[in-house]
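Data first, discussion second: the structure below is written as structure tokens.
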Amino acid sequence: MRFRFCWDVDCPDWLLAEIAALSKMTSVKLRLLVGQVAKAIPGPPLSYEVVEKLTKDAKLESSEAMAAVAAVRWVLERAGGAGVGGPVLDSELQQLGLPKEHAAALTRVYSEHQPRLRQALRQASLKEGGDPEWACDVVGVDVGGRTEAVAQLTLDRPGEGSKIALSPDQLLVLIHELSEARQIMEAIS
């Protein structure tokens with residue numbers, strides 16, 4: 001099944017597992033947690049003490065609590081990036097098994113923060129402009145006494161630079177996924 005907040009693809013399995021953890025919380029605590037996560041997306045990082053306090057009643061272990069935060073953040077970022085409205089998000093979250101009052105709580109906070117989320121996502125996204133320079137080099141990396149070839153991708157934008165090292169298999173997967181993304185984008189436009 002395809003979901004608009006997942007950019008019209010199927011929902012990842014890990015998110016379905018986290019829906020169960022989110023359902024253990026009260027809708028009030030979930031709303032507060034979502035509010036904290038929404039504020040942390042463009043702002044300062046969320047403190048673990050806040051997460052622990054909000055998830056304490058649901059008896060979530062620390063790893064479950066942090067996974068729940070990751071799920072909430074993922075939903076907010078995907079929905080904001082896809083430009084999904086509150087009613088659509090509410091309906092789709094209920095289809096995934098989130099109780100109605102929980103979905104409403106999450107959606108309410110999402111709707112309140114949606115313009116700020118979209119702005120933060122725009123600022124953090126890779127954009128055309130600013131004359132980015134790409135480079136790809138094949139370099140040797142020492143792995144256990146032998147040298148293996150990796151592709152080193154470099155993106156230099158004004159004020160920042162990024163390097164990624166990929167094994168040949170990872171490079172092939174990246175090329176394949178970028179090709180699929182291009183086909184989807186061409187189909188949409």
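Numbering starts fresh at 1 for the residues of each chain in the structure tokens, the chains themselves are lettered A, B, ... in the order given, and ligands are numbered from 1 as they appear.
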Env of Ser62 (chain A): 10 Å cut, atoms = only C-alpha atoms, seq-sep filter 4 positions within chain, self excluded. Answer as a PyMOL selection string. chain A and resi 48+51-52+55-56+66-68
Those residues you just picked out, can you put them in a file as a JSON list (two decimals), in the first residue's frame with N, CA, C and O atoms?
[["chain", "number", "residue", "atom", "x", "y", "z"],
["A", 48, "TYR", "N", 17.83, 13.78, 26.03],
["A", 48, "TYR", "CA", 17.39, 12.45, 26.41],
["A", 48, "TYR", "C", 16.51, 12.49, 27.65],
["A", 48, "TYR", "O", 15.57, 11.70, 27.77],
["A", 51, "VAL", "N", 12.94, 13.01, 26.65],
["A", 51, "VAL", "CA", 12.39, 11.78, 26.06],
["A", 51, "VAL", "C", 12.07, 10.77, 27.16],
["A", 51, "VAL", "O", 10.99, 10.18, 27.18],
["A", 52, "GLU", "N", 12.99, 10.60, 28.09],
["A", 52, "GLU", "CA", 12.80, 9.65, 29.18],
["A", 52, "GLU", "C", 11.57, 10.02, 30.02],
["A", 52, "GLU", "O", 10.76, 9.16, 30.37],
["A", 55, "THR", "N", 8.30, 9.26, 28.02],
["A", 55, "THR", "CA", 8.04, 7.85, 27.70],
["A", 55, "THR", "C", 8.03, 6.95, 28.93],
["A", 55, "THR", "O", 7.80, 5.75, 28.81],
["A", 56, "LYS", "N", 8.27, 7.53, 30.08],
["A", 56, "LYS", "CA", 8.38, 6.75, 31.32],
["A", 56, "LYS", "C", 7.09, 5.97, 31.62],
["A", 56, "LYS", "O", 7.15, 4.79, 31.96],
["A", 66, "MET", "N", 14.10, 5.93, 22.16],
["A", 66, "MET", "CA", 14.84, 6.63, 21.12],
["A", 66, "MET", "C", 14.36, 6.20, 19.73],
["A", 66, "MET", "O", 14.33, 7.00, 18.80],
["A", 67, "ALA", "N", 13.98, 4.94, 19.58],
["A", 67, "ALA", "CA", 13.42, 4.48, 18.31],
["A", 67, "ALA", "C", 12.08, 5.15, 18.04],
["A", 67, "ALA", "O", 11.76, 5.49, 16.91],
["A", 68, "ALA", "N", 11.30, 5.36, 19.10],
["A", 68, "ALA", "CA", 10.02, 6.07, 18.94],
["A", 68, "ALA", "C", 10.26, 7.51, 18.51],
["A", 68, "ALA", "O", 9.55, 8.03, 17.64]]
Distance query Arg73 (chain A) at most 12 Å, only C-alpha atoms, self and fewer than 5 positions along chain excluded, as a VMD selection string: chain A and resid 15 18 33 to 42 45 to 46 66 to 68 78 to 81 106 110 117 121
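Relative to CA of Ala58 (chain A), CA of Ala21 (chain A) is found at 8.4 Å.
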Output as a CSV table (one decimal) with C-alpha atoms, in the first residue's frame all residues of region 23-155 of chain A that backbone DSSP marks as strand (DSSP E).
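Below is the file that was written, part-v1.csv:
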chain,number,residue,atom,x,y,z
A,133,GLU,CA,31.4,21.3,-7.4
A,134,TRP,CA,31.3,17.5,-7.7
A,135,ALA,CA,34.3,15.2,-7.9
A,136,CYS,CA,34.7,11.5,-8.0
A,137,ASP,CA,38.0,9.8,-7.4
A,138,VAL,CA,39.0,6.1,-7.0
A,139,VAL,CA,41.3,5.8,-4.0
A,140,GLY,CA,42.9,2.9,-2.2
A,141,VAL,CA,42.0,2.2,1.4
A,142,ASP,CA,44.0,-0.1,3.6
A,143,VAL,CA,41.8,-2.9,4.9
A,146,ARG,CA,45.5,-5.1,1.7
A,147,THR,CA,44.5,-2.2,-0.4
A,148,GLU,CA,40.9,-2.0,-1.6
A,149,ALA,CA,39.5,0.5,-4.1
A,150,VAL,CA,36.7,2.8,-3.1
A,151,ALA,CA,35.0,5.6,-4.9
A,152,GLN,CA,35.4,8.9,-3.0
A,153,LEU,CA,32.6,11.3,-3.9
A,154,THR,CA,33.2,15.0,-3.0
A,155,LEU,CA,30.7,17.8,-3.0
Separation of CA of Gly86 (chain A) from CA of Arg108 (chain A), in Å and rounded to one decimal: 7.2 Å
Closest of A:Ala82, A:Leu96, A:Ala70, A:Leu89 to Leu16 (chain A), counting only C-alpha atoms, is A:Leu96
Give me, please, the distance in Å between CA of Leu22 (chain A) and CA of Arg2 (chain A), quoted to one decimal. 21.2 Å
